[in-house]
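For reference, the structure discussed in these notes is given below.
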2 protein chains.
Amino acid sequence: MMFHIHQTHHTIADFQAIGNTLKSTIESNQTGVHVFPELFLCGYPLHDLCLQKSFIETYQKFLNELDQWAQKQKKSDQILLVGGIKYDLTEDGLPLKLSNVIYKVEAGSPISAIYTKQLLPNYDIFDEMKYFTAGSTPGVLEYKGKQIGLLICEDMWSSSFHQKDPVLDLKHLCDKDEIKLDMLVNLSASPFVIEKNEKRLNRAKFISNLFEAPYLYVNRVGAEDEILFDGRSFVVSGDKLECELARFRPDSATFNLKEQSGTYSPDIKAAQANTWEELFAARISPKAPSLSQFSPEQCEEVLEALCFGFQDYARKNGFNRFTIALSGGMDSALVLTIIKLSLKEGQYLEAIYMPSVHSSTLSYDLSLDLCENLGIPFKSLPIKFLHSTSKNLFTQTFQDSFEGLTDENIQSRLRGMLLYTRSNQIGSMVVNTSNKSELAVGYSTQYGDSVGAISMLGDLYKSEVFHLANYINETRNNIIPERIITRPPSAELRPDQVDTESLPPYERLDAILEGLLTYRHSMDDLISFGFKEEEVQRVFNLYRKSEYKRYQFCPIIKISSKSFGFGYRIPLSKDSNFYINK
Amino acid sequence: MMFHIHQTHHTIADFQAIGNTLKSTIESNQTGVHVFPELFLCGYPLHDLCLQKSFIETYQKFLNELDQWAQKQKKSDQILLVGGIKYDLTEDGLPLKLSNVIYKVEAGSPISAIYTKQLLPNYDIFDEMKYFTAGSTPGVLEYKGKQIGLLICEDMWSSSFHQKDPVLDLKHLCDKDEIKLDMLVNLSASPFVIEKNEKRLNRAKFISNLFEAPYLYVNRVGAEDEILFDGRSFVVSGDKLECELARFRPDSATFNLKEQSGTYSPDIKAAQANTWEELFAARISPKAPSLSQFSPEQCEEVLEALCFGFQDYARKNGFNRFTIALSGGMDSALVLTIIKLSLKEGQYLEAIYMPSVHSSTLSYDLSLDLCENLGIPFKSLPIKFLHSTSKNLFTQTFQDSFEGLTDENIQSRLRGMLLYTRSNQIGSMVVNTSNKSELAVGYSTQYGDSVGAISMLGDLYKSEVFHLANYINETRNNIIPERIITRPPSAELRPDQVDTESLPPYERLDAILEGLLTYRHSMDDLISFGFKEEEVQRVFNLYRKSEYKRYQFCPIIKISSKSFGFGYRIPLSKDSNFYINK
């Protein structure tokens, strides 16, 4: 029996294209089992969209047409297993109950839901319990004498939190009813997180060994605002990887069950990775936090992820032109370089540089050098005169001038204003250039350098930004001028300003932040691990005072297990002394 | 037996003040049962804060100290029923399980959790299933021979969605064990929504009749970012309202069980309001949408709600100074007026007016008149010169000028920049002046007039803004110049611009929006109700294209059952044709 993996992607709610893909699969008449990702019929994540009546009506109509169409086709030797929502509606067409199911679609038959997802992830970026009702029955499909075990995404993970283990439940059912599975399939929409793929494979191998059957995993591919679905569908039999599909792009493959070549070790007592939270929700371990340096392979993976996330967001939101504000510093240079590396036929990319009185000539020179290296149009829009005009306006109106932070912020906001004027003028998309370290300590100006349609580096600490820039230079002909990487980071908003005046050196800042955010460490923990009390206190203080800036920030391309953005929800109004006093 | 209702409020995580309130209650030695709101010990909603280790450690330490302290006190004839989180932690102090419980606190005894919330709201602004594990056991406390039934907030509502009815479960338990309840108490943290209070009372009366016992409801009071807890705690016996506490401020009352004066009709077959969703989640009815005009009482209530929400946000975030940008139009005038009405001793409020070449002298005159009426400092900061300077910069740099939308947006962003410069200069808070109609159709400039720390009118449609302004004038000496209310709304960003050029008249726009947002109607529904197809299509088009503006918007004081903000989550990247094509 042939199993066809469809690692396909369509924009959320693009029912036309989704339907066409399914129809042409049926018309192709390729025999065997065709497997599509979780919620393929509608897209994922939908959030509240799945409760909007316009959406529900269109989806139901689409499903109904597909059903009618399928029934009219001549019977053939193929079935399609397709993820989708199953609605139970009231008489008025309003949603009473939603299930995340596997539909069986075949020529000459009505469409039927054959399995309901049992484990609904509901942590970090996931809110599935807000929308779906969980199933409670293991799924086995018999098709042409073969027994196929069914799972949807999270179902493959056991979890102390869920207090449920669909894999073991399926095993018990098989043991009880004396069913020997020939195959397991998992329809997934599983977000990309760096280092996750290996754990996914290990868990799959455990399950394959447990059932002594190949395990087929088909994953969604595509970027949805912050969330990247990386694809990388695969088949394992025992510990053997039978095939693996591309990452960050649609792909397909066929697996012939007869040619299954792994051997099984069903005695395996424990999965190497058996709870989802341990792996992904947070590294909730009591050890000291550290930022593991990306390997060259991981650098390449991160680079692909960022290109993919950026391009898919631009495409889905209708942008082909991009304007980046260069400062002469590392972050904006890296953003420009990555966009350039991702650029497609017909797309336009430009850089603008907006010097103030505090900008050094070095910043101008380096920005220009970078643009020449990349072959990108470069324009300078000095803000000196707007800056002094604005200051005069204040002196005249309020008989009160300003210096310090006010004077720093106004430069940043004038730049935001000009950048968006340019964006309006040519219909281009602005990509934000903040990094995760800045976001964590609020080292940016609201409505100034924090503007943008999407944040490319918002889930990379500053040390990771440097690391990635060095990797690009090593592999891409030193395309980024070396001095951009080696000069001391500065906002250049007052004379001789450098970041380390107000912040600890980035290698320590980033380790403390990783402890605070990902490892969930308290101040006491971090001090006990050997970080300086004064530095830890300063970082926690900056973090707790900058929540309001993160609240109004743009979507952040997520690459780590804990990023700011949709999966990070902290009240603004609170007594935050608990962060620093015990 | 005396029941003391503590409708108290503290900032989230202000453990010092929370502990002092409980200790002084115990030290007061007032006999009887003291009832505090849901999650009183930590505050609500906490979102991810309840998973942060710093928070958990401090909370656990606080609870432990309170426990030790209570045990050392001399036994007395009182107990405290207090809402709080109960953590099950791992050895490393990380959260394995969280429960939303009622703690019994009494002098001379250890603190104990006596009841766990069974219905966890998980729709709209609520995400309780993300954090809490539900209880499954009805709660009855025997105290000095009296049987007290226990509920937490949502537990009082049955629901087809929850598929569980804690009230009936409690009734069955009482019937089975032959327990006659003497009293029911409900510890709540129930957000304010206009028109909700009456339904809450009706449901309480039903429960009181069902058990033939008084029903005591203590509700949290306080504003948490977007969400207002209105207090209004009460006791009913049968259909009789025994007492009702203040709205939008801390209050207390004592109810003597002996003096209970209602009579019961236990035969009541159905509650008037028996599902939460029907009442609050959305008016999911198939009838035509309409905006019911606020009654004078509701106007006063909305006014109180906005003053309360604004002031509590300012206090918790440390602001005593406020800067409002006046345009000469209705929205900013209303925001300024409401802040003025809410102003407390020591607070400073100022208005700035930032005319461009398109601003009429009438706008200046009306803004000045308003400020004189209100007694508020008024300054004009013309943007004409900054505007022309910016345009010249573009002409010089790009050999390309701009008109149209670009030229409109730049004016708005220059204002945003100046407004925040002023805010930086004097450390004042900027209050956003957008209304719900504008937010819904994207009729604002990102980083321009959409800036602000909090939105006061973001949950009021434009027609409600007018209605509230008229009400204020009727009851507050025509404090708002009449022409501000009667002149045609305009953004004044190009010559002779009026809102109705690009939008349907507000009374129709707002009805369509109420249909789309609150009633969840599709385009077809609205057209079938008699709205013009062309107008419905225009509104849906503007709505679907402006999601990105709402994404980066500030918190919105919530007064209706469906507001933009935390409880509204729609993906940016999607094929949105389903809104307009069927």
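Chain labels run A, B, ... following the order of the structure tokens; each chain numbers its residues from 1, and ligands are numbered from 1 in the order shown.
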Any chance you could tabulate, as CSV, the residues of chain B at most 6 Å from chain A with each one's nearest atom pair and distance in Å to one decimal, using only C-alpha atoms, in chain and rising number order?
residue,atom,partner,partner_atom,distance
B:Thr11,CA,A:Lys574,CA,5.6
B:Ile12,CA,A:Lys574,CA,4.7
B:Ala13,CA,A:Asp575,CA,5.4
B:Asp14,CA,A:Asp575,CA,5.3
B:His47,CA,A:Ile570,CA,5.8
B:Asp48,CA,A:Arg569,CA,5.5
B:Leu49,CA,A:Ile570,CA,5.9
B:Gln52,CA,A:Arg520,CA,5.9
B:Lys53,CA,A:Arg520,CA,5.7
B:Ser54,CA,A:Ser522,CA,4.6
B:Asn122,CA,A:Lys130,CA,5.6
B:Lys130,CA,A:Asn122,CA,5.6
B:Lys316,CA,A:Ser573,CA,5.5
B:Thr406,CA,A:Asn424,CA,5.2
B:Arg413,CA,A:Met417,CA,5.8
B:Met417,CA,A:Arg413,CA,5.8
B:Asn424,CA,A:Thr406,CA,5.2
B:Gln425,CA,A:Thr406,CA,5.8
B:Tyr447,CA,A:Tyr447,CA,5.8
B:Arg520,CA,A:Lys53,CA,5.7
B:Ser522,CA,A:Ser54,CA,4.6
B:Gln552,CA,A:Gln552,CA,4.5
B:Phe553,CA,A:Gln552,CA,5.9
B:Arg569,CA,A:Asp48,CA,5.5
B:Ile570,CA,A:Asp48,CA,5.6
B:Ser573,CA,A:Lys316,CA,5.5
B:Lys574,CA,A:Ile12,CA,4.7
B:Asp575,CA,A:Asp14,CA,5.3
B:Tyr579,CA,A:Ser54,CA,5.6
Write the selection just made, keeping C-alpha atoms, as a PDB file, in the first residue's frame?
ATOM      1  CA  THR B  11      -3.347  46.023  42.993  1.00  0.00           C
ATOM      2  CA  ILE B  12      -2.414  42.637  41.551  1.00  0.00           C
ATOM      3  CA  ALA B  13       0.387  41.066  43.620  1.00  0.00           C
ATOM      4  CA  ASP B  14       0.356  43.771  46.304  1.00  0.00           C
ATOM      5  CA  HIS B  47      -2.435  35.732  32.833  1.00  0.00           C
ATOM      6  CA  ASP B  48       1.099  34.259  32.582  1.00  0.00           C
ATOM      7  CA  LEU B  49       2.183  35.980  35.774  1.00  0.00           C
ATOM      8  CA  GLN B  52       6.461  33.054  36.613  1.00  0.00           C
ATOM      9  CA  LYS B  53       8.678  31.646  39.324  1.00  0.00           C
ATOM     10  CA  SER B  54       9.317  35.046  40.921  1.00  0.00           C
ATOM     11  CA  ASN B 122     -12.510  30.226  28.633  1.00  0.00           C
ATOM     12  CA  LYS B 130      -4.972  27.826  30.264  1.00  0.00           C
ATOM     13  CA  LYS B 316      -1.488  51.608  39.100  1.00  0.00           C
ATOM     14  CA  THR B 406       0.540  59.818   2.522  1.00  0.00           C
ATOM     15  CA  ARG B 413       2.091  61.089  12.770  1.00  0.00           C
ATOM     16  CA  MET B 417       5.356  62.572  17.727  1.00  0.00           C
ATOM     17  CA  ASN B 424       8.032  62.773  27.876  1.00  0.00           C
ATOM     18  CA  GLN B 425       8.737  66.368  28.798  1.00  0.00           C
ATOM     19  CA  TYR B 447       1.432  55.654  15.167  1.00  0.00           C
ATOM     20  CA  ARG B 520     -21.719  37.754  14.635  1.00  0.00           C
ATOM     21  CA  SER B 522     -22.489  37.710   8.029  1.00  0.00           C
ATOM     22  CA  GLN B 552      -0.796  47.158  17.782  1.00  0.00           C
ATOM     23  CA  PHE B 553      -3.460  49.186  19.577  1.00  0.00           C
ATOM     24  CA  ARG B 569      -8.022  37.582  18.425  1.00  0.00           C
ATOM     25  CA  ILE B 570      -7.973  37.450  14.647  1.00  0.00           C
ATOM     26  CA  SER B 573      -2.458  36.783   7.441  1.00  0.00           C
ATOM     27  CA  LYS B 574      -5.501  35.186   5.839  1.00  0.00           C
ATOM     28  CA  ASP B 575      -7.560  35.086   2.727  1.00  0.00           C
ATOM     29  CA  TYR B 579     -16.229  38.151   4.509  1.00  0.00           C
TER      30      TYR B 579
END
For this session: For Leu66 (chain A), work out the shell of residues within 9 Å, counting only C-alpha atoms and skipping chain neighbours fewer than 5 positions away, then give it as an MDAnalysis selection string.
Result: chainID A and resid 19 22:23 61 71 111
For this session: Enumerate as a PyMOL selection string all residues of region 145-272 of chain A assigned to strand (DSSP E) by DSSP on the backbone, naming them with the chain letters and numbers the document uses.
Result: chain A and resi 146-152+183-188+215-219+221-224+227-230+234-237+240-244+251-256
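CA of Thr254 (chain B) is positioned 13.3 Å from CA of Thr25 (chain B).
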Exercise. Please, what distance in Å, to one decimal, runs between CA of Leu349 (chain B) and CA of Phe322 (chain B)?
Worked result: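 Straight-line distance from CA of Leu349 (chain B) to CA of Phe322 (chain B) works out to 4.8 Å.
Compared by their closest atoms to Ile102 (chain A), and using only C-alpha atoms, the residues A:Ser560, A:Ser76, A:Asp165, A:Pro37 rank with A:Pro37 nearest.
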For this session: Pick out the residues sitting within 7 Å of region 334-336 of chain B, and hand them over as number ranges by chain; count only C-alpha atoms, and ignore anything fewer than 6 positions along from it in its own chain.
Result: B: 324, 433, 456, 469
Using only N, CA and C atoms, please write the residues we just selected to a file, as a PDB file, in the first residue's frame.
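The result, stored in again21.pdb:
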ATOM      1  N   ILE B 324      -3.813  65.551  26.641  1.00  0.00           N
ATOM      2  CA  ILE B 324      -4.782  65.116  25.632  1.00  0.00           C
ATOM      3  C   ILE B 324      -4.630  65.987  24.388  1.00  0.00           C
ATOM      4  N   THR B 433      -7.813  58.695  21.874  1.00  0.00           N
ATOM      5  CA  THR B 433      -9.147  59.270  21.669  1.00  0.00           C
ATOM      6  C   THR B 433      -9.961  58.574  20.570  1.00  0.00           C
ATOM      7  N   MET B 456      -9.879  55.294  26.022  1.00  0.00           N
ATOM      8  CA  MET B 456     -11.063  55.518  26.848  1.00  0.00           C
ATOM      9  C   MET B 456     -12.354  55.201  26.105  1.00  0.00           C
ATOM     10  N   ALA B 469     -22.046  62.419  25.137  1.00  0.00           N
ATOM     11  CA  ALA B 469     -21.727  63.851  25.192  1.00  0.00           C
ATOM     12  C   ALA B 469     -22.991  64.663  25.474  1.00  0.00           C
TER      13      ALA B 469
END
For this session: Tell me which of B:Val193, B:Cys299, B:Ile472, B:Val441 sits closest to Thr337 (chain B), counting only C-alpha atoms.
Result: B:Ile472
Could you give me, as an mmCIF file with C-alpha atoms, in the first residue's frame, the residues within 10 Å of His467 (chain B), counting only C-alpha atoms and dropping anything in the same chain fewer than 5 positions from it?
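Below is the file that was written, result28.cif:
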data_model
loop_
_atom_site.group_PDB
_atom_site.id
_atom_site.type_symbol
_atom_site.label_atom_id
_atom_site.label_comp_id
_atom_site.auth_asym_id
_atom_site.auth_seq_id
_atom_site.Cartn_x
_atom_site.Cartn_y
_atom_site.Cartn_z
ATOM 1 C CA GLN B 293 -29.645 53.806 23.179
ATOM 2 C CA PHE B 294 -28.318 54.083 26.692
ATOM 3 C CA SER B 295 -30.905 55.240 29.193
ATOM 4 C CA PRO B 296 -29.891 58.223 31.382
ATOM 5 C CA CYS B 299 -25.163 56.916 30.598
ATOM 6 C CA TYR B 461 -19.409 53.445 18.869
ATOM 7 C CA LYS B 462 -19.434 56.960 17.473
ATOM 8 C CA ILE B 472 -23.069 65.112 29.949
ATOM 9 C CA ASN B 473 -24.285 68.427 28.606
ATOM 10 C CA ILE B 485 -21.496 67.935 18.988
#
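Taking CA of Asn20 (chain A) as the reference point, CA of Val101 (chain A) is found at 20.3 Å.
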For this session: Please report, as a ChimeraX atom specification, each residue of region 33-244 of chain B to which DSSP assigns helix (DSSP H, G or I) when run on this structure's backbone.
Result: /B:47-51,53-72,128-131,153-156,166-177,196-211
Extract, using only C-alpha atoms, all DNA, RNA and protein residues at most 7 Å from Glu244 (chain B), discarding same-chain residues fewer than 3 positions from it, and format them as a short mmCIF file (atom, residue, chain, number, x, y, z; two decimals) with N, CA and C atoms, in the first residue's frame.
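Everything below was put into out_28.cif:
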data_model
loop_
_atom_site.label_atom_id
_atom_site.label_comp_id
_atom_site.auth_asym_id
_atom_site.auth_seq_id
_atom_site.Cartn_x
_atom_site.Cartn_y
_atom_site.Cartn_z
N ARG B 232 -20.49 45.91 43.33
CA ARG B 232 -21.94 45.67 43.34
C ARG B 232 -22.29 44.34 43.97
N SER B 233 -21.56 44.00 45.01
CA SER B 233 -21.87 42.78 45.75
C SER B 233 -23.28 42.90 46.33
N PHE B 234 -23.88 41.77 46.64
CA PHE B 234 -25.26 41.84 47.14
C PHE B 234 -25.62 40.59 47.91
N VAL B 235 -26.76 40.68 48.62
CA VAL B 235 -27.40 39.49 49.19
C VAL B 235 -28.85 39.51 48.71
#
For this session: Please provide the set of residues having any atom within 12 Å of Asp331 (chain A), restricted to only C-alpha atoms, with same-chain residues fewer than 4 positions apart removed, written as a count of residues only.
Result: 38
For this session: Could you tell me which of B:Ala253, B:Leu151, B:Leu184, B:Leu291 comes closest to Glu507 (chain B) if we count only C-alpha atoms?
Result: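 The shortest atom-to-atom distance to Glu507 (chain B) comes from B:Leu291.
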Exercise. Can you tell me, as JSON, numbers by chain, what residues are no more than 8 Å from Leu98 (chain B) when counting only C-alpha atoms, ignoring any on the same chain fewer than 4 positions away?
Worked result: {"B": [85, 86, 87, 88, 131, 132, 133]}
